[in-house]
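Student: Structure supplied as structure_31.txt; contents: compact mmCIF, C-alpha atoms.
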```txt
# COMPACT_ATOMS: atom_id res chain seq x y z
CA ILE C 1 0.00 0.00 0.00
CA GLN C 2 1.46 3.33 -1.05
CA MET C 3 1.07 6.24 1.35
CA THR C 4 1.08 9.72 -0.16
CA GLN C 5 1.46 12.70 2.13
CA SER C 6 0.70 16.28 1.24
CA PRO C 7 2.12 18.76 1.31
CA SER C 8 5.73 17.61 1.27
CA SER C 9 6.72 20.83 3.01
CA LEU C 10 4.86 23.59 4.73
CA SER C 11 5.78 26.98 6.17
CA ALA C 12 3.65 28.26 9.03
CA SER C 13 3.76 30.61 11.99
CA VAL C 14 3.39 30.03 15.71
CA GLY C 15 -0.31 29.95 16.50
CA ASP C 16 -1.38 28.76 13.05
CA ARG C 17 -3.68 25.80 12.49
CA VAL C 18 -2.04 23.23 10.23
CA THR C 19 -3.39 20.16 8.48
CA ILE C 20 -1.34 17.39 6.87
CA THR C 21 -3.00 14.80 4.68
CA CYS C 22 -2.13 11.18 4.05
CA ARG C 23 -3.79 9.15 1.31
CA ALA C 24 -3.47 5.37 1.06
CA SER C 25 -3.60 3.58 -2.28
CA HIS C 26 -6.07 1.10 -0.75
CA GLY C 27 -8.30 1.20 2.30
CA ILE C 28 -6.42 0.68 5.57
CA SER C 29 -9.27 0.45 8.10
CA SER C 30 -7.82 3.20 10.32
CA TYR C 31 -4.61 1.24 10.93
CA LEU C 32 -2.75 4.48 10.61
CA ALA C 33 -0.24 6.22 12.85
CA TRP C 34 1.36 9.65 12.80
CA TYR C 35 4.92 10.32 13.96
CA GLN C 36 6.92 13.45 14.61
CA GLN C 37 10.64 13.46 13.95
CA LYS C 38 13.15 16.15 14.84
CA PRO C 39 16.63 16.29 13.29
CA GLY C 40 18.95 13.62 14.65
CA LYS C 41 16.22 12.03 16.76
CA ALA C 42 14.08 8.93 16.54
CA PRO C 43 10.45 9.33 15.47
CA LYS C 44 7.90 9.89 18.21
CA LEU C 45 4.44 8.36 18.07
CA LEU C 46 1.71 11.03 18.15
CA ILE C 47 -1.47 9.26 17.07
CA TYR C 48 -2.48 5.65 16.44
CA GLY C 49 -5.67 4.08 15.16
CA ALA C 50 -6.03 7.20 13.01
CA SER C 51 -7.43 9.32 15.86
CA THR C 52 -6.20 8.16 19.28
CA LEU C 53 -3.72 10.47 20.91
CA GLN C 54 -0.71 8.71 22.40
CA ARG C 55 -0.40 9.45 26.12
CA GLY C 56 1.69 12.47 26.87
CA VAL C 57 1.07 14.10 23.47
CA PRO C 58 -0.46 17.59 23.70
CA SER C 59 -4.14 17.88 22.86
CA ARG C 60 -3.44 20.41 20.11
CA PHE C 61 -2.61 17.37 17.96
CA SER C 62 -5.53 15.46 16.50
CA GLY C 63 -6.11 12.87 13.81
CA SER C 64 -9.08 11.89 11.72
CA GLY C 65 -10.05 9.95 8.66
CA SER C 66 -11.16 6.59 7.42
CA GLY C 67 -10.83 4.35 4.41
CA THR C 68 -8.03 5.82 2.32
CA ASP C 69 -7.89 9.44 3.53
CA TYR C 70 -6.44 10.65 6.83
CA THR C 71 -5.42 13.97 8.34
CA LEU C 72 -3.22 15.21 11.13
CA THR C 73 -4.17 18.61 12.53
CA ILE C 74 -2.20 20.84 14.86
CA SER C 75 -4.66 23.37 16.22
CA SER C 76 -2.21 26.07 17.33
CA LEU C 77 1.41 25.62 16.33
CA GLN C 78 4.04 25.90 19.02
CA THR C 79 7.75 26.41 18.49
CA GLU C 80 8.49 22.81 19.43
CA ASP C 81 6.16 21.50 16.70
CA PHE C 82 8.45 22.46 13.84
CA ALA C 83 9.63 19.05 12.65
CA THR C 84 8.98 16.41 10.01
CA TYR C 85 5.79 14.35 10.23
CA TYR C 86 5.22 10.87 8.84
CA CYS C 87 2.14 8.74 8.44
CA GLN C 88 2.36 4.94 8.53
CA GLN C 89 -0.09 2.18 7.70
CA PHE C 90 -0.29 -1.16 9.51
CA ASN C 91 -3.22 -2.68 7.69
CA SER C 92 -1.17 -4.95 5.49
CA TYR C 93 2.39 -5.96 4.76
CA PRO C 94 4.72 -4.45 3.88
CA ILE C 95 4.20 -1.74 6.48
CA THR C 96 4.67 1.55 4.67
CA PHE C 97 5.38 5.15 5.58
CA GLY C 98 4.52 8.33 3.79
CA GLN C 99 7.35 10.39 2.35
CA GLY C 100 7.13 12.94 5.15
CA THR C 101 5.95 16.52 5.57
CA ARG C 102 8.53 19.05 6.70
CA LEU C 103 6.95 21.78 8.80
CA GLU C 104 9.07 24.93 8.87
CA ILE C 105 8.81 28.28 10.57
CA LYS C 106 7.57 31.07 8.29
CA GLN V 1 9.65 1.95 31.42
CA ILE V 2 10.31 0.61 27.94
CA THR V 3 13.69 1.28 26.37
CA LEU V 4 15.44 -0.07 23.29
CA LYS V 5 18.98 0.42 22.06
CA GLU V 6 20.62 -0.59 18.82
CA SER V 7 24.23 -1.75 18.64
CA GLY V 8 26.58 -2.96 15.93
CA PRO V 9 29.14 -1.69 13.46
CA THR V 10 28.83 1.83 12.11
CA LEU V 11 31.12 1.26 9.12
CA VAL V 12 30.69 -1.75 6.85
CA LYS V 13 32.36 -2.67 3.57
CA PRO V 14 30.31 -3.49 0.47
CA THR V 15 29.27 -7.15 0.08
CA GLN V 16 29.70 -7.79 3.82
CA THR V 17 26.95 -8.93 6.16
CA LEU V 18 25.61 -6.39 8.63
CA THR V 19 24.54 -7.65 12.05
CA LEU V 20 22.63 -5.30 14.33
CA THR V 21 21.39 -6.05 17.82
CA CYS V 22 18.43 -4.46 19.57
CA THR V 23 18.65 -4.76 23.35
CA PHE V 24 15.47 -3.85 25.16
CA SER V 25 14.03 -3.56 28.65
CA GLY V 26 10.65 -2.93 30.21
CA PHE V 27 8.78 -5.61 28.26
CA SER V 28 9.03 -9.27 27.34
CA LEU V 29 9.06 -10.59 23.80
CA ASN V 30 7.34 -13.67 25.22
CA SER V 31 4.20 -11.68 25.99
CA ASP V 32 1.19 -12.20 23.74
CA GLY V 33 0.94 -9.58 21.01
CA VAL V 34 4.35 -7.98 21.48
CA ARG V 35 6.52 -7.28 18.46
CA VAL V 36 9.84 -5.66 17.71
CA GLY V 37 10.41 -4.02 14.38
CA TRP V 38 13.35 -2.60 12.45
CA ILE V 39 13.07 0.59 10.45
CA ARG V 40 15.79 2.48 8.61
CA GLN V 41 16.21 5.99 7.30
CA PRO V 42 18.74 6.87 4.60
CA PRO V 43 20.27 10.32 5.04
CA GLY V 44 17.74 13.03 4.25
CA ARG V 45 15.08 10.53 3.26
CA ALA V 46 11.93 8.94 4.60
CA LEU V 47 11.52 6.02 6.97
CA GLU V 48 11.52 2.49 5.53
CA TRP V 49 10.13 -0.51 7.38
CA LEU V 50 12.46 -3.53 7.18
CA ALA V 51 11.21 -6.37 9.35
CA LEU V 52 9.10 -7.43 12.32
CA ILE V 53 9.42 -10.30 14.81
CA PHE V 54 6.47 -11.43 16.90
CA TRP V 55 6.22 -12.86 20.40
CA ASN V 56 5.48 -16.29 18.88
CA ASP V 57 8.59 -16.11 16.63
CA GLU V 58 6.61 -15.28 13.51
CA LYS V 59 8.59 -12.99 11.25
CA ARG V 60 7.71 -10.58 8.49
CA TYR V 61 10.15 -8.99 6.09
CA ASN V 62 9.90 -6.23 3.56
CA THR V 63 10.07 -8.04 0.26
CA PHE V 64 11.91 -5.20 -1.49
CA LEU V 65 15.07 -6.44 0.21
CA ASN V 66 14.85 -9.71 -1.71
CA ASP V 67 15.53 -12.20 1.08
CA ARG V 68 18.62 -10.36 2.40
CA LEU V 69 17.18 -10.03 5.90
CA THR V 70 17.05 -12.47 8.79
CA LEU V 71 15.60 -11.82 12.25
CA SER V 72 16.12 -13.77 15.44
CA LYS V 73 15.32 -13.22 19.09
CA ASP V 74 16.89 -14.22 22.37
CA THR V 75 14.21 -13.68 24.97
CA SER V 76 16.51 -14.62 27.85
CA ARG V 77 18.83 -11.76 26.93
CA ASN V 78 16.04 -9.42 25.77
CA GLN V 79 17.61 -9.05 22.36
CA VAL V 80 16.55 -9.09 18.73
CA VAL V 81 19.20 -9.54 16.04
CA LEU V 82 18.86 -8.35 12.44
CA THR V 83 21.25 -9.56 9.78
CA MET V 84 21.43 -8.09 6.31
CA THR V 85 23.54 -9.80 3.67
CA ASN V 86 25.35 -8.39 0.65
CA ILE V 87 25.44 -4.83 1.94
CA GLY V 88 25.81 -2.00 -0.60
CA PRO V 89 26.09 1.81 -0.52
CA VAL V 90 22.29 2.15 -0.79
CA ASP V 91 22.05 0.52 2.65
CA THR V 92 23.75 3.51 4.27
CA ALA V 93 21.15 4.69 6.78
CA THR V 94 20.26 5.11 10.42
CA TYR V 95 18.75 1.87 11.67
CA TYR V 96 16.11 1.89 14.40
CA CYS V 97 14.45 -0.85 16.38
CA ALA V 98 11.03 -0.21 17.89
CA HIS V 99 8.41 -1.82 20.14
CA SER V 100 4.89 -2.60 19.00
CA ASP V 101 1.88 -4.17 20.67
CA SER V 102 -1.89 -4.26 20.56
CA ALA V 103 -2.30 -1.40 23.06
CA THR V 104 -1.43 1.10 20.33
CA TRP V 105 -2.87 -0.84 17.40
CA TYR V 106 0.57 -2.22 16.62
CA SER V 107 2.08 1.16 15.88
CA PHE V 108 5.70 1.69 16.94
CA ASP V 109 5.29 3.37 20.31
CA TYR V 110 8.84 3.16 21.64
CA TRP V 111 11.97 3.59 19.53
CA GLY V 112 15.66 3.16 20.08
CA GLN V 113 17.98 6.10 19.51
CA GLY V 114 19.10 4.65 16.17
CA ILE V 115 22.50 3.56 14.93
CA PRO V 116 24.04 5.19 11.86
CA VAL V 117 25.55 2.69 9.45
CA THR V 118 27.79 3.74 6.58
CA VAL V 119 28.64 1.37 3.76
CA SER V 120 31.95 2.30 2.21
CA PRO V 121 35.10 0.59 0.94
```
Will you turn the file into structure tokens for me?
Tutor:
Amino acid sequence: IQMTQSPSSLSASVGDRVTITCRASHGISSYLAWYQQKPGKAPKLLIYGASTLQRGVPSRFSGSGSGTDYTLTISSLQTEDFATYYCQQFNSYPITFGQGTRLEIK
Amino acid sequence: QITLKESGPTLVKPTQTLTLTCTFSGFSLNSDGVRVGWIRQPPGRALEWLALIFWNDEKRYNTFLNDRLTLSKDTSRNQVVLTMTNIGPVDTATYYCAHSDSATWYSFDYWGQGIPVTVSP
């Protein structure tokens, strides 16, 4: 299953609302996770099951979607949110990631 | 508290076999539903899933690597070992191991710090 993220990069300001989209080439039954990765660090799980917030992740992050189309929304960007975000599907093998969305400060 | 840490060589010559070890704590790979996966990330590029080993010793591999991968586990030592044969420059990447279980729908909820591997003569 191919995972296509959009946009591939995004410039935004602190306080902005940001949405990142992930489209699967086939339905994935909400077996979708979102990760945040900062330079030189391992990815961090933000959301699993398409919409469940991992414990300890701020509530400004949210996920939604079903079937083939999923979104990650950050309601009010904070400085620490500038990073690269990846979606990942677990519905079938091989497990696949999106190509990433780089979120930069405007 | 779940932790994982990758270890192994950071410089490998082409055609050699790469052996990486993931040493973990805070969970048992004998527990129902638990998995450990390997993911890599070439410099400046996206994450690529490589392989997954299950609590019951089932294994899954990414077929794009054409049978170059082998996984094994040593539950008494809390380790998972990944071997990759016939290494080439395209295998230069940071390699991560990660924990997965049913509590988070089998997403990778805990990751090691990663180990950078360079393939060069």
Student: Report as a Markdown table: every residue of chain V with an atom at most 8 Å from chain C, its closest pair of atoms, and their distance in Å to one decimal, counting all atoms listed in the file, with rows sorted by chain and ascending residue number.
Tutor:
```
| residue | atom | partner | partner_atom | distance |
| --- | --- | --- | --- | --- |
| V:Arg45 | CA | C:Gln99 | CA | 7.8 |
| V:Ala46 | CA | C:Gln99 | CA | 5.3 |
| V:Leu47 | CA | C:Phe97 | CA | 6.4 |
| V:Glu48 | CA | C:Phe97 | CA | 6.7 |
| V:Trp49 | CA | C:Ile95 | CA | 6.1 |
| V:Arg60 | CA | C:Tyr93 | CA | 8.0 |
| V:Tyr61 | CA | C:Pro94 | CA | 7.4 |
| V:Asn62 | CA | C:Pro94 | CA | 5.5 |
| V:Thr63 | CA | C:Pro94 | CA | 7.4 |
| V:Tyr96 | CA | C:Ala42 | CA | 7.6 |
| V:Thr104 | CA | C:Tyr48 | CA | 6.1 |
| V:Trp105 | CA | C:Gly49 | CA | 6.1 |
| V:Tyr106 | CA | C:Phe90 | CA | 7.2 |
| V:Ser107 | CA | C:Ala33 | CA | 6.3 |
| V:Phe108 | CA | C:Leu45 | CA | 6.9 |
| V:Asp109 | CA | C:Leu45 | CA | 5.5 |
| V:Tyr110 | CA | C:Lys44 | CA | 7.6 |
| V:Trp111 | CA | C:Ala42 | CA | 6.5 |
| V:Gly112 | CA | C:Ala42 | CA | 7.0 |
| V:Gln113 | CA | C:Ala42 | CA | 5.7 |
| V:Gly114 | CA | C:Ala42 | CA | 6.6 |
```
Student: How many Å lie between CA of Met3 (chain C) and CA of Thr19 (chain C), rounded to one decimal?
Tutor: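 Value for the CA of Met3 (chain C)-CA of Thr19 (chain C) distance: 16.3 Å.
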Student: CA of Leu29 (chain V) and CA of Trp55 (chain V), how far apart in Å?
Tutor: 5.0 Å
Student: Please compute the CA of Lys5 (chain V)-CA of Cys97 (chain V) distance, one decimal, in Å.
Tutor: 7.4 Å
Student: Could you name the residues that touch region 14-17 of chain V at 6 Å or less, counting all atoms listed in the file, but leaving out those on the same chain fewer than 6 positions away, as a PyMOL selection string?
Tutor: chain V and resi 84-88
Student: Which of these residues is nearest to Gln41 (chain V), using all atoms listed in the file: V:Phe54, V:Tyr95, V:Phe64, V:Phe24?
Tutor: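 Distance minimum relative to Gln41 (chain V) lands on V:Tyr95.
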Student: Ranking V:Leu65, V:Val117, V:Val90, V:Leu82 by minimum distance to Leu52 (chain V) and counting all atoms listed in the file, which one comes first?
Tutor: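 Under the stated criterion, the closest residue is V:Leu82.
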Student: Give me, as a VMD selection string, all polymer residues having an atom no more than 7 Å from region 62-74 of chain C, counting all atoms listed in the file and skipping those fewer than 5 positions away in the same chain.
Tutor: chain C and resid 17 to 30 47 50 to 51 53
Student: Point out the residue among C:Pro7, C:Gln2, C:Arg55, C:Ser13 with the least atom-to-atom distance to Lys106 (chain C), counting only C-alpha atoms.
Tutor: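 The shortest atom-to-atom distance to Lys106 (chain C) comes from C:Ser13.
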Student: Give me the residues within 12 Å of Thr75 (chain V) as a ChimeraX atom specification, counting all atoms listed in the file and dropping any in the same chain fewer than 5 places off.
Tutor: /V:22-25,27-31,34-36,53-57,80-81
Student: Write out as a PyMOL selection string which residues come within 6 Å of Val119 (chain V) when counting only C-alpha atoms, dropping same-chain ones fewer than 4 positions away.
Tutor: chain V and resi 11-13+89+92
